[in-house]
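**Q** Here's a structure for you.
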Amino acid sequence: MTLKKFIEKIRKVEGEIDIENVMFKNVNVWPIYRLKIAQKFKKKNSTTFLLNTLHRYFNYFIEFISSSFLYLRNPLKKKDVDIIYFTKSSESQDIVSKKLFNRYSDSFQNLYSKNTKVQVIELYDFKSNLKGEKFDKKIIYIHFLLTIEKLKFYLSLLLKRGDLKFLELEKSVNKHFNFDVDVKKDIYWIMQLSKFYEKIIKTYNCKKVFLVCFYRPDAMAICLACKRLNISTVEYQHGIQNDNHHMYSNWTKIPKKGFDLLPKYFWMWEEIFARKIIEWTVGNNYHQVFVGGNLWLSYQKLMLVRSKKTSLLKKTSNKIKILVSLQGDDFLPKFLLDFVKKYANEYDWFFRDHPRLPISKKNRDFLNRYSALDINLSSNCALYELFKFINIHITGFSTVGYEAAAFNIKTVFIHSNAKEGLSNLFESSYFQFANNEELLFKSLNEVSATPAFFNGCSKYKKINKDKIFSFINKKNTFNA
């Protein structure tokens, strides 16, 4: 399964339908359709297994009970703030001063909270174990409220009548993807959820709303709520912008007034990523792009005091050390497994699991045989601690490649999604591509030329704080 194949098909659908008129209650719902099509396309081509239904429902019950105590400990209270920053529990994966750290909201607050009032509101998702030590007294955890809202929604579905259909759109999707998507429930849910978020946003009378990753139902609902309230939404870049990404690229028919379900502003790390969004937002009167820098990298470089010693070093040899950033079984090619086994004694191998796409037990057990460190330990270790002694990085097409480059570490991408969607990165000697053992061996043993793209953290682009403060305080404008 490749992103390129999806993009080829979705462009054909957008070429056949009237995007402007995919409307429900004066809201253009095409982004919901596009998201659902992408999800079904990926699921159809995926081998990843989910938890059994009984286990999932048991977890939901535990989460609901735990989240009720969390919310009552720090409920919503009416006050004025400059920014509401909506985060997810799974975004707090880094460790700073022995505490979980959200690289998005926490980095932002460390750089800007002295002059800006920020209220962080956290949504629960799959990664959190709801352990008391990870919770911040200043954060409002709304999982309890969202669960109640979901129950109300399912009850309201019993009273809804009539079908919500877009016949020409459904016909086109079936023709090009050979499957149908039912988005009626999703549309109703986002509409109801947007009113829920309107109440929250009104409570804090904010100037801007920040979020990470717009292509989720809750994020789309937040965008819609802000549009109604004439408050700007800002999506902060959370990963590399792939040329063939299902939601960040190849929108061929943006309405002049933009999409209500997409953010107004896209905060990008670098100019090369900004250009990818500008390609499809140009010509509309709503969506805008600006380069604000990578706050997490800036925080790491300027403010984070990292320890000079690490226990990991004691467990490694003087061999070349290779970090593999895994992305689930679907993006773990057989040639890499064969290569690891063949060159088990030539390199020190480290494997870092993906927080949302863990590999199967079979593959985990296999890789652990050849790993210099147990996968659980390397996965839970702060990424930049690993960078202290890693020489080379391998991944399918992960954003970790971008982060490694900022620390002068070369990345070898091994999945076609990188070759097809990150072509501009390969202009730099920091990035190479290999899709077989021979090319991988060659890449690992080549001496890298003078970097053409990054010059390491020592010369990493500084953030213009004055422009960011101006952006926060002005209601709906930003001059890059």
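Here's how to read the names in the structure tokens: chain A, B, ... by the order shown, residue numbers from 1 in each chain, ligand numbers from 1 in the order shown.
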Taking 6 positions as the minimum chain separation for residues in the same chain, which residues sit within 9 Å of region 219-236 of chain A when counting only C-alpha atoms? Answer as number ranges by chain.
**A** A: 27, 31-32, 86, 104, 189-199, 201-202, 206-213, 259-269, 292, 475-477
**Q** Got a sec: who's within 12 Å of Ser423 (chain A), counting only C-alpha atoms, leaving out chain neighbours fewer than 5 positions off, as a VMD selection string?
**A** chain A and resid 240 to 244 272 to 273 276 397 413 416 to 418 428 431 to 433
**Q** For region 35-45 of chain A, work out the shell of residues within 8 Å, counting only C-alpha atoms and skipping chain neighbours fewer than 4 positions away, then give it as a PyMOL selection string.
**A** chain A and resi 1+6+31+177+181+183+215+246-247
**Q** Could the residues in this selection be saved with N, CA and C atoms as a PDB file, in the first residue's frame?
**A**
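Wrote again-v8.pdb, looks like this:
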ATOM      1  N   MET A   1       0.841  -1.197   0.000  1.00  0.00           N
ATOM      2  CA  MET A   1       0.000   0.000   0.000  1.00  0.00           C
ATOM      3  C   MET A   1       0.874   1.245   0.000  1.00  0.00           C
ATOM      4  N   PHE A   6      -3.279   6.129  -3.367  1.00  0.00           N
ATOM      5  CA  PHE A   6      -4.461   6.808  -2.837  1.00  0.00           C
ATOM      6  C   PHE A   6      -4.646   8.166  -3.511  1.00  0.00           C
ATOM      7  N   PRO A  31     -14.089  17.358   3.465  1.00  0.00           N
ATOM      8  CA  PRO A  31     -12.946  16.869   4.244  1.00  0.00           C
ATOM      9  C   PRO A  31     -13.249  15.612   5.057  1.00  0.00           C
ATOM     10  N   PHE A 177     -12.421   3.557  -6.061  1.00  0.00           N
ATOM     11  CA  PHE A 177     -11.838   2.832  -4.926  1.00  0.00           C
ATOM     12  C   PHE A 177     -12.413   1.426  -4.758  1.00  0.00           C
ATOM     13  N   VAL A 181     -18.267   4.263   1.336  1.00  0.00           N
ATOM     14  CA  VAL A 181     -18.028   4.807   2.675  1.00  0.00           C
ATOM     15  C   VAL A 181     -19.330   5.422   3.187  1.00  0.00           C
ATOM     16  N   VAL A 183     -20.539   8.026   5.808  1.00  0.00           N
ATOM     17  CA  VAL A 183     -20.033   9.091   6.680  1.00  0.00           C
ATOM     18  C   VAL A 183     -21.157   9.810   7.421  1.00  0.00           C
ATOM     19  N   TYR A 215      -6.746  16.395  11.042  1.00  0.00           N
ATOM     20  CA  TYR A 215      -7.566  15.382  10.382  1.00  0.00           C
ATOM     21  C   TYR A 215      -8.018  14.284  11.351  1.00  0.00           C
ATOM     22  N   HIS A 246      -2.448  11.861   2.650  1.00  0.00           N
ATOM     23  CA  HIS A 246      -3.877  11.822   2.313  1.00  0.00           C
ATOM     24  C   HIS A 246      -4.628  13.087   2.701  1.00  0.00           C
ATOM     25  N   MET A 247      -4.113  13.867   3.690  1.00  0.00           N
ATOM     26  CA  MET A 247      -4.836  15.070   4.099  1.00  0.00           C
ATOM     27  C   MET A 247      -4.001  16.348   3.989  1.00  0.00           C
TER      28      MET A 247
END
**Q** With distances taken over only C-alpha atoms, which of A:Ile200, A:Ile62, A:Ala434, A:Val81 is nearest to Lys419 (chain A)?
**A** A:Ala434
**Q** Hey, can you check how far CA of Leu158 (chain A) sits from CA of Ile65 (chain A)?
**A** 25.6 Å
**Q** Go through A:His176, A:Arg34, A:Glu270, A:Asn205 one by one, measure the shortest atom-to-atom distance of each to Asp82 (chain A) using only C-alpha atoms, and give the residue with the smallest value.
**A**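 The answer is A:Asn205, which sits nearest to Asp82 (chain A).
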**Q** As a JSON list (two decimals) with C-alpha atoms, in the first residue's frame, please: every residue in region 237-286 of chain A that a backbone DSSP assignment puts in strand (DSSP E).
**A**
[["chain", "number", "residue", "atom", "x", "y", "z"],
["A", 265, "TYR", "CA", -3.38, 28.80, 9.83],
["A", 266, "PHE", "CA", -0.78, 26.11, 9.25],
["A", 267, "TRP", "CA", 2.30, 26.70, 11.42],
["A", 268, "MET", "CA", 5.20, 25.05, 9.56]]
**Q** Suppose you want the space between CA of Asp348 (chain A) and CA of Ala372 (chain A); what is it in Å?
**A**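 One can read the CA of Asp348 (chain A) to CA of Ala372 (chain A) distance as 5.8 Å.
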**Q** Which residues are close to Tyr286 (chain A), i.e. within 8 Å by only C-alpha atoms, leaving aside same-chain residues fewer than 4 positions away? Reply as a list in words.
**A**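 Those residues are Lys256, Lys257, Gly258 and Lys264 of chain A.
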**Q** Output N, CA and C atoms for every residue in that selection, as an mmCIF file, in the first residue's frame.
**A**
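Saved as again-v8.cif:
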data_model
loop_
_atom_site.group_PDB
_atom_site.id
_atom_site.type_symbol
_atom_site.label_atom_id
_atom_site.label_comp_id
_atom_site.auth_asym_id
_atom_site.auth_seq_id
_atom_site.Cartn_x
_atom_site.Cartn_y
_atom_site.Cartn_z
ATOM 1 N N LYS A 256 -13.260 29.028 -2.459
ATOM 2 C CA LYS A 256 -12.672 30.357 -2.242
ATOM 3 C C LYS A 256 -12.670 30.739 -0.767
ATOM 4 N N LYS A 257 -13.727 30.410 -0.059
ATOM 5 C CA LYS A 257 -13.821 30.757 1.360
ATOM 6 C C LYS A 257 -13.150 29.707 2.249
ATOM 7 N N GLY A 258 -12.538 28.676 1.628
ATOM 8 C CA GLY A 258 -11.867 27.645 2.381
ATOM 9 C C GLY A 258 -12.826 26.613 2.960
ATOM 10 N N LYS A 264 -7.438 27.606 10.011
ATOM 11 C CA LYS A 264 -7.154 28.828 9.255
ATOM 12 C C LYS A 264 -5.658 28.934 8.972
#
**Q** Just want the 9 Å neighbourhood of Lys117 (chain A), counted on only C-alpha atoms, with same-chain residues fewer than 5 positions away dropped. Output as a list in words.
**A**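 Listed by chain and then number, they are Asp80, Val81, Asp82, Ile83, Ile84, Gln109 and Tyr112 of chain A.
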**Q** For the residues selected in the previous step, produce a file with C-alpha atoms as a short mmCIF file (atom, residue, chain, number, x, y, z; two decimals), in the first residue's frame.
**A**
data_model
loop_
_atom_site.label_atom_id
_atom_site.label_comp_id
_atom_site.auth_asym_id
_atom_site.auth_seq_id
_atom_site.Cartn_x
_atom_site.Cartn_y
_atom_site.Cartn_z
CA ASP A 80 -9.90 35.11 29.86
CA VAL A 81 -6.86 33.59 28.14
CA ASP A 82 -4.88 34.39 25.00
CA ILE A 83 -4.69 30.82 23.72
CA ILE A 84 -6.48 27.53 24.21
CA GLN A 109 4.52 27.37 26.93
CA TYR A 112 5.91 32.00 25.22
#
**Q** Which residues of region 380-404 of chain A have any atom within 7 Å of an atom in region 409-412 of chain A when counting only C-alpha atoms, and what is the closest pair of atoms for each, with the distance in Å to one decimal? Order the rows by chain and rising number and write it as CSV.
**A**
residue,atom,partner,partner_atom,distance
A:Asn391,CA,A:Ile409,CA,6.1
A:Ile392,CA,A:Lys410,CA,5.4
A:His393,CA,A:Thr411,CA,4.6
A:Ile394,CA,A:Val412,CA,4.8
A:Thr395,CA,A:Val412,CA,6.5
A:Gly401,CA,A:Thr411,CA,5.5
A:Ala404,CA,A:Ile409,CA,5.0
**Q** Keeping only N, CA and C atoms, take the residues you just selected and write them out as a CSV table (one decimal), in the first residue's frame.
**A**
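Output (selection.csv):
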chain,number,residue,atom,x,y,z
A,391,ASN,N,24.9,6.6,15.2
A,391,ASN,CA,25.6,7.1,14.0
A,391,ASN,C,24.8,7.2,12.8
A,392,ILE,N,23.8,6.3,12.6
A,392,ILE,CA,23.0,6.2,11.4
A,392,ILE,C,21.6,5.9,11.8
A,393,HIS,N,20.6,6.4,11.1
A,393,HIS,CA,19.2,6.2,11.4
A,393,HIS,C,18.5,5.5,10.2
A,394,ILE,N,17.6,4.6,10.4
A,394,ILE,CA,16.9,3.9,9.3
A,394,ILE,C,15.4,4.0,9.7
A,395,THR,N,14.5,4.3,8.7
A,395,THR,CA,13.1,4.3,8.9
A,395,THR,C,12.4,4.1,7.6
A,401,GLY,N,13.5,11.1,10.8
A,401,GLY,CA,14.5,11.4,9.9
A,401,GLY,C,14.9,12.9,9.9
A,404,ALA,N,16.7,13.7,13.2
A,404,ALA,CA,18.0,13.1,13.2
A,404,ALA,C,19.0,14.1,12.4
**Q** From region 240-440 of chain A, collect each residue whose DSSP state is alpha helix (DSSP H) and return the set as a ChimeraX atom specification.
**A** /A:271-281,295-302,334-342,361-370,375-380,383-386,400-405,416-421,437-440
**Q** May I ask which of the residues A:Trp296, A:Phe101, A:Tyr124, A:Trp251 is the closest one to Ile277 (chain A), counting only C-alpha atoms?
**A**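 Nearest to Ile277 (chain A): A:Trp251.
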